[in-house]
>>> print(open('target.cif').read())   # mmCIF, C-alpha atoms
data_coords
#
loop_
_atom_site.label_atom_id
_atom_site.label_comp_id
_atom_site.auth_asym_id
_atom_site.auth_seq_id
_atom_site.Cartn_x
_atom_site.Cartn_y
_atom_site.Cartn_z
CA MET X 67 -14.09 59.63 -93.93
CA ARG X 68 -11.79 58.75 -91.03
CA ASN X 69 -8.25 57.63 -91.82
CA LYS X 70 -7.87 54.71 -89.40
CA ASN X 71 -4.19 53.83 -89.48
CA LEU X 72 -1.91 56.82 -89.20
CA ARG X 73 1.52 55.48 -88.35
CA VAL X 74 3.32 57.05 -85.40
CA HIS X 75 6.39 57.41 -87.63
CA GLY X 76 4.46 58.60 -90.69
CA ILE X 77 6.29 57.61 -93.88
CA THR X 78 9.62 57.14 -92.07
CA LYS X 79 10.77 53.53 -91.78
CA ILE X 80 12.98 53.08 -88.73
CA SER X 81 15.55 50.34 -89.02
CA ARG X 82 18.81 49.93 -87.11
CA ARG X 83 21.74 48.88 -89.24
CA ILE X 84 23.10 45.50 -88.20
CA ASP X 85 26.83 45.59 -88.97
CA VAL X 86 27.89 48.34 -86.58
CA GLU X 87 31.39 48.54 -85.20
CA HIS X 88 31.32 48.46 -81.41
CA MET X 89 31.87 51.90 -79.87
CA HIS X 90 32.38 53.10 -76.33
CA PRO X 91 30.92 55.18 -74.86
CA TYR X 92 27.51 54.67 -76.45
CA GLY X 93 27.21 58.40 -77.21
CA LYS X 94 29.52 57.80 -80.19
CA TYR X 95 26.59 56.05 -81.91
CA LEU X 96 24.50 59.24 -81.97
CA GLY X 97 25.18 60.15 -85.62
CA ILE X 98 24.35 56.77 -87.13
CA LEU X 99 21.44 56.23 -84.74
CA ARG X 100 20.03 59.59 -85.84
CA GLU X 101 20.25 58.49 -89.49
CA ASP X 102 18.71 55.07 -88.81
CA PHE X 103 15.78 56.71 -87.01
CA GLY X 104 15.23 59.22 -89.81
CA HIS X 105 15.77 62.26 -87.55
CA ILE X 106 12.62 61.51 -85.55
CA CYS X 107 11.93 60.22 -82.05
CA GLY X 108 11.52 56.47 -82.15
CA TYR X 109 8.81 56.58 -79.51
CA CYS X 110 6.56 59.52 -80.41
CA GLY X 111 7.60 60.19 -84.02
CA LYS X 112 8.43 63.84 -83.25
CA SER X 113 10.70 65.38 -85.85
CA GLU X 114 13.85 67.23 -84.79
CA VAL X 115 12.56 70.31 -86.60
CA VAL X 116 9.61 70.76 -84.24
CA THR X 117 11.47 70.88 -80.93
CA LYS X 118 13.82 73.20 -79.09
CA ASN X 119 15.39 70.36 -77.08
CA ALA X 120 18.22 68.15 -78.32
CA PHE X 121 17.47 64.49 -78.99
CA GLU X 122 19.14 61.82 -76.88
CA ILE X 123 19.97 58.12 -76.80
CA ASP X 124 17.64 55.90 -74.78
CA HIS X 125 18.47 52.37 -73.74
CA PHE X 126 15.44 50.28 -74.70
CA VAL X 127 16.16 47.76 -71.94
CA PRO X 128 17.37 50.00 -69.08
CA THR X 129 21.04 49.74 -68.19
CA ARG X 130 20.15 49.22 -64.52
CA LEU X 131 18.74 45.82 -65.60
CA ALA X 132 21.15 45.09 -68.46
CA PRO X 133 24.47 46.90 -67.91
CA GLU X 134 26.03 44.66 -70.55
CA LYS X 135 23.76 46.32 -73.16
CA GLU X 136 24.97 49.86 -72.46
CA ASP X 137 27.04 49.92 -75.68
CA ASP X 138 24.86 47.46 -77.62
CA TYR X 139 23.62 49.30 -80.73
CA SER X 140 20.57 47.03 -81.02
CA ASN X 141 19.40 48.30 -77.61
CA LEU X 142 19.61 52.01 -78.46
CA VAL X 143 16.72 54.30 -79.45
CA TYR X 144 16.93 57.82 -80.84
CA ALA X 145 14.54 59.64 -78.52
CA CYS X 146 13.32 63.16 -77.93
CA TYR X 147 14.14 64.74 -74.60
CA GLU X 148 10.60 64.33 -73.25
CA CYS X 149 10.17 60.64 -74.20
CA ASN X 150 13.57 59.81 -72.73
CA ARG X 151 12.61 61.55 -69.47
CA LYS X 152 9.18 59.90 -69.28
CA LYS X 153 10.52 56.39 -69.90
CA THR X 154 13.61 56.75 -67.70
CA GLY X 155 14.31 53.30 -66.21
CA LYS X 156 10.76 51.95 -66.46
CA TRP X 157 10.54 48.23 -67.27
CA PRO X 158 7.39 46.68 -65.76
CA SER X 159 8.68 43.11 -65.46
CA GLY X 160 11.86 44.13 -63.64
CA ASP X 161 13.59 41.36 -65.63
CA LYS X 162 15.69 42.24 -68.69
CA ASN X 163 14.57 39.01 -70.39
CA ILE X 164 10.83 39.63 -69.94
CA GLN X 165 9.49 42.43 -72.12
CA PHE X 166 5.86 42.30 -70.97
CA VAL X 167 4.06 41.42 -67.77
CA ASP X 168 0.26 41.49 -67.53
CA GLY X 169 0.13 43.31 -70.88
CA LYS X 170 2.42 46.08 -69.63
CA GLY X 171 5.74 46.83 -71.25
CA PHE X 172 7.52 48.59 -74.07
CA VAL X 173 7.74 47.78 -77.77
CA ASP X 174 10.97 48.46 -79.63
CA PRO X 175 10.16 51.23 -82.15
CA ALA X 176 12.63 49.79 -84.68
CA THR X 177 10.46 46.69 -85.12
CA ASP X 178 7.28 46.06 -87.11
CA GLU X 179 5.58 45.31 -83.79
CA TYR X 180 5.48 49.01 -82.96
CA ASP X 181 2.81 49.67 -85.61
CA LYS X 182 0.75 46.78 -84.23
CA ASN X 183 0.67 48.41 -80.78
CA LEU X 184 0.45 52.16 -81.40
CA GLU X 185 -1.03 54.53 -83.95
CA ARG X 186 -2.25 58.10 -84.25
CA ASP X 187 -5.88 59.11 -84.59
CA GLU X 188 -6.80 61.53 -87.38
CA ASP X 189 -5.95 64.48 -85.12
CA GLY X 190 -2.47 63.14 -84.36
CA ASN X 191 -3.13 61.90 -80.81
CA MET X 192 -1.40 58.67 -79.79
CA VAL X 193 -3.67 55.64 -79.45
CA GLY X 194 -2.79 52.30 -77.88
CA LYS X 195 -4.12 49.40 -79.97
CA THR X 196 -3.07 46.70 -77.48
CA SER X 197 -2.49 46.48 -73.73
CA ALA X 198 1.19 47.30 -74.25
CA GLY X 199 0.23 50.21 -76.50
CA LYS X 200 -2.17 51.54 -73.88
CA TYR X 201 0.51 51.16 -71.21
CA MET X 202 2.93 53.23 -73.32
CA VAL X 203 0.27 55.90 -73.98
CA GLU X 204 -0.93 56.23 -70.38
CA ILE X 205 2.09 55.34 -68.21
CA GLY X 206 5.27 54.66 -70.16
CA PHE X 207 5.44 57.94 -72.07
CA GLU X 208 2.27 59.67 -70.84
CA PHE X 209 1.33 60.53 -74.44
CA ASN X 210 -2.23 61.15 -73.23
CA LYS X 211 -0.99 64.04 -71.05
CA ARG X 212 1.32 65.61 -73.64
CA PRO X 213 0.45 67.88 -76.59
CA MET X 214 0.79 65.10 -79.19
CA LYS X 215 -1.90 66.57 -81.44
CA GLU X 216 -0.09 69.91 -81.54
CA ILE X 217 3.26 68.22 -82.24
CA TYR X 218 1.72 66.28 -85.13
CA LYS X 219 0.00 69.34 -86.59
CA ALA X 220 3.18 71.41 -86.22
CA MET X 221 5.10 68.74 -88.16
CA LEU X 222 2.50 68.80 -90.94
CA LEU X 223 2.66 72.60 -91.07
CA ILE X 224 6.45 72.58 -91.19
CA GLU X 225 6.33 70.20 -94.16
CA LYS X 226 3.80 72.44 -95.94
CA LYS X 227 5.90 75.49 -95.12
CA HIS X 228 8.99 73.86 -96.66
CA GLN X 229 7.01 72.99 -99.78
CA LEU X 230 5.83 76.58 -100.07
CA GLU X 231 9.31 77.97 -99.46
CA GLU X 232 10.46 76.05 -102.53
CA LYS X 233 7.99 78.06 -104.60
CA ILE X 234 8.30 81.36 -102.75
CA LYS X 235 9.54 83.35 -105.74
CA THR X 236 6.55 82.34 -107.85
CA LEU X 237 3.80 82.69 -105.26
CA SER X 238 0.48 84.19 -106.25
CA GLY X 239 -1.37 86.51 -103.87
CA GLU X 240 -3.51 83.59 -102.61
CA GLU X 241 -0.43 81.41 -101.98
CA GLN X 242 1.28 84.28 -100.16
CA GLN X 243 -1.78 84.52 -97.89
CA GLN X 244 -1.73 80.75 -97.30
CA TYR X 245 1.98 80.91 -96.47
CA MET X 246 1.35 83.63 -93.91
CA GLU X 247 -1.48 81.59 -92.32
CA PHE X 248 0.78 78.51 -92.06
CA SER X 249 3.58 80.58 -90.56
CA ILE X 250 1.32 82.11 -87.91
CA ALA X 251 -0.25 78.72 -87.02
CA LEU X 252 3.20 77.11 -86.84
CA GLU X 253 4.53 79.82 -84.53
CA GLN X 254 1.54 79.25 -82.24
CA PHE X 255 2.14 75.48 -82.13
CA GLN X 256 5.86 75.99 -81.50
CA GLN X 257 5.08 78.35 -78.62
CA THR X 258 2.67 75.76 -77.13
CA LEU X 259 5.36 73.06 -77.39
CA PHE X 260 7.95 75.35 -75.82
CA GLU X 261 5.60 76.17 -72.94
CA ASN X 262 4.93 72.43 -72.42
CA LYS X 263 8.69 71.72 -72.48
CA GLU X 264 8.38 69.36 -75.45
#
>>> encode(input="target.cif", output="structure tokens")
Amino acid sequence: MRNKNLRVHGITKISRRIDVEHMHPYGKYLGILREDFGHICGYCGKSEVVTKNAFEIDHFVPTRLAPEKEDDYSNLVYACYECNRKKTGKWPSGDKNIQFVDGKGFVDPATDEYDKNLERDEDGNMVGKTSAGKYMVEIGFEFNKRPMKEIYKAMLLIEKKHQLEEKIKTLSGEEQQQYMEFSIALEQFQQTLFENKE
């Protein structure tokens, strides 16, 4: 049976805190932004533990269109290196006040709207559920050209590996074999991600 609604963020609920003291430069927000985003990329849901690249701060509405929002915490997104590079200054409307034009645009990942626009299929690939979701998959972040399935599976394997490591001293022969299989598969996924610069 197909699981139809895999959230991009899995069980993590992203929510920016609202009473944040203003800081300048915006890089000072990194620690609390990281906590608010649950140590995952707001756009693709990639966990910090699955990448070799540092995470960064993205400006949801690009600063070239809204320089006044450069230090505005509500405009910041904790993003993996690759998502931040793919999005860069893209903003289809060209107007900071217009989020979508002809169904193209970006959805803030710290809102409930994100789940209404994007999901994962059962393999972990990103799927656009709306025009904006399809824009993000195909153009905004190019999820359809990136190894999203491998990232998702690597995250699942890392979680299973951590669970097994908790029991490592009491492993049976069968569990030891399973642990070795997970470790080998994980190393292969990590190598694929490294080679794809994710």
>>> residues_around(input="target.cif", residues="X:Gly199", least_positions_apart="6", cutoff="10 Å", atoms="only C-alpha atoms", output="CSV table (one decimal) with C-alpha atoms, in the frame of the given file")
chain,number,residue,atom,x,y,z
X,169,GLY,CA,0.1,43.3,-70.9
X,170,LYS,CA,2.4,46.1,-69.6
X,171,GLY,CA,5.7,46.8,-71.2
X,172,PHE,CA,7.5,48.6,-74.1
X,173,VAL,CA,7.7,47.8,-77.8
X,180,TYR,CA,5.5,49.0,-83.0
X,181,ASP,CA,2.8,49.7,-85.6
X,182,LYS,CA,0.8,46.8,-84.2
X,183,ASN,CA,0.7,48.4,-80.8
X,184,LEU,CA,0.4,52.2,-81.4
X,185,GLU,CA,-1.0,54.5,-84.0
X,192,MET,CA,-1.4,58.7,-79.8
X,193,VAL,CA,-3.7,55.6,-79.4
X,205,ILE,CA,2.1,55.3,-68.2
X,206,GLY,CA,5.3,54.7,-70.2
>>> resolve_selection(input="target.cif", expression="the PyMOL selection byres ((chain X and resi 85-100) around 10)", output="list in words")
Ile80, Ser81, Arg82, Arg83, Ile84, Glu101, Asp102, Phe103, Gly104, His105, Ile106, Cys107, Gly108, Glu114, Phe121, Glu122, Ile123, His125, Lys135, Glu136, Asp137, Asp138, Tyr139, Ser140, Leu142, Val143, Tyr144 and Ala145 of chain X
>>> resolve_selection(input="target.cif", expression="the PyMOL selection byres ((chain X and resi 73) around 7)", output="PyMOL selection string")
chain X and resi 71-72+74-76+181+185-186
>>> atom_distance(input="target.cif", atom1="atom CA of X:Ser197", atom2="atom CA of X:Pro158")
12.7 Å
>>> closest_residue(input="target.cif", among="X:Arg212, X:Ala251, X:Ile164, X:Glu240", to="X:Lys226", atoms="all atoms listed in the file")
X:Ala251
>>> atom_distance(input="target.cif", atom1="atom CA of X:Cys146", atom2="atom CA of X:Thr196")
23.2 Å
>>> resolve_selection(input="target.cif", expression="the PyMOL selection byres ((chain X and resi 217) around 8)", output="list in words")
Lys112, Val116, Gly190, Pro213, Met214, Lys215, Glu216, Tyr218, Lys219, Ala220, Met221, Phe255 and Leu259 of chain X
>>> atom_distance(input="target.cif", atom1="atom CA of X:Glu208", atom2="atom CA of X:Lys156")
12.3 Å
>>> residues_around(input="target.cif", residues="X:Lys118", least_positions_apart="2", cutoff="8 Å", atoms="only C-alpha atoms", output="PDB file with C-alpha atoms, keeping the file's coordinate frame")
ATOM      1  CA  VAL X 116       9.610  70.760 -84.240  1.00  0.00           C
ATOM      2  CA  ALA X 120      18.220  68.150 -78.320  1.00  0.00           C
ATOM      3  CA  PHE X 260       7.950  75.350 -75.820  1.00  0.00           C
ATOM      4  CA  GLU X 264       8.380  69.360 -75.450  1.00  0.00           C
TER       5      GLU X 264
END
>>> closest_residue(input="target.cif", among="X:Asp189, X:Glu148, X:Glu253, X:Glu231", to="X:Cys110", atoms="all atoms listed in the file")
X:Glu148
>>> closest_residue(input="target.cif", among="X:Val167, X:Met202, X:Met246, X:Leu131", to="X:Gly155", atoms="only C-alpha atoms")
X:Leu131
>>> residues_around(input="target.cif", residues="X:Leu252", least_positions_apart="3", cutoff="8 Å", atoms="all atoms listed in the file", output="list in words")
Ala220, Leu223, Ile224, Phe248, Ser249, Phe255 and Gln256 of chain X
>>> closest_residue(input="target.cif", among="X:Ala132, X:Ile234, X:Ile250, X:Val203", to="X:Asp161", atoms="all atoms listed in the file")
X:Ala132
>>> axis_aligned_box(input="target.cif", around="stretch 208-225 of chain X", padding_each_side="3 Å", output="JSON")
{"center_x": 2.1, "center_y": 66.1, "center_z": -82.5, "size_x": 14.7, "size_y": 18.9, "size_z": 29.3}
>>> closest_residue(input="target.cif", among="X:Ser159, X:Gln243, X:Ser113, X:Thr177", to="X:Tyr147", atoms="all atoms listed in the file")
X:Ser113
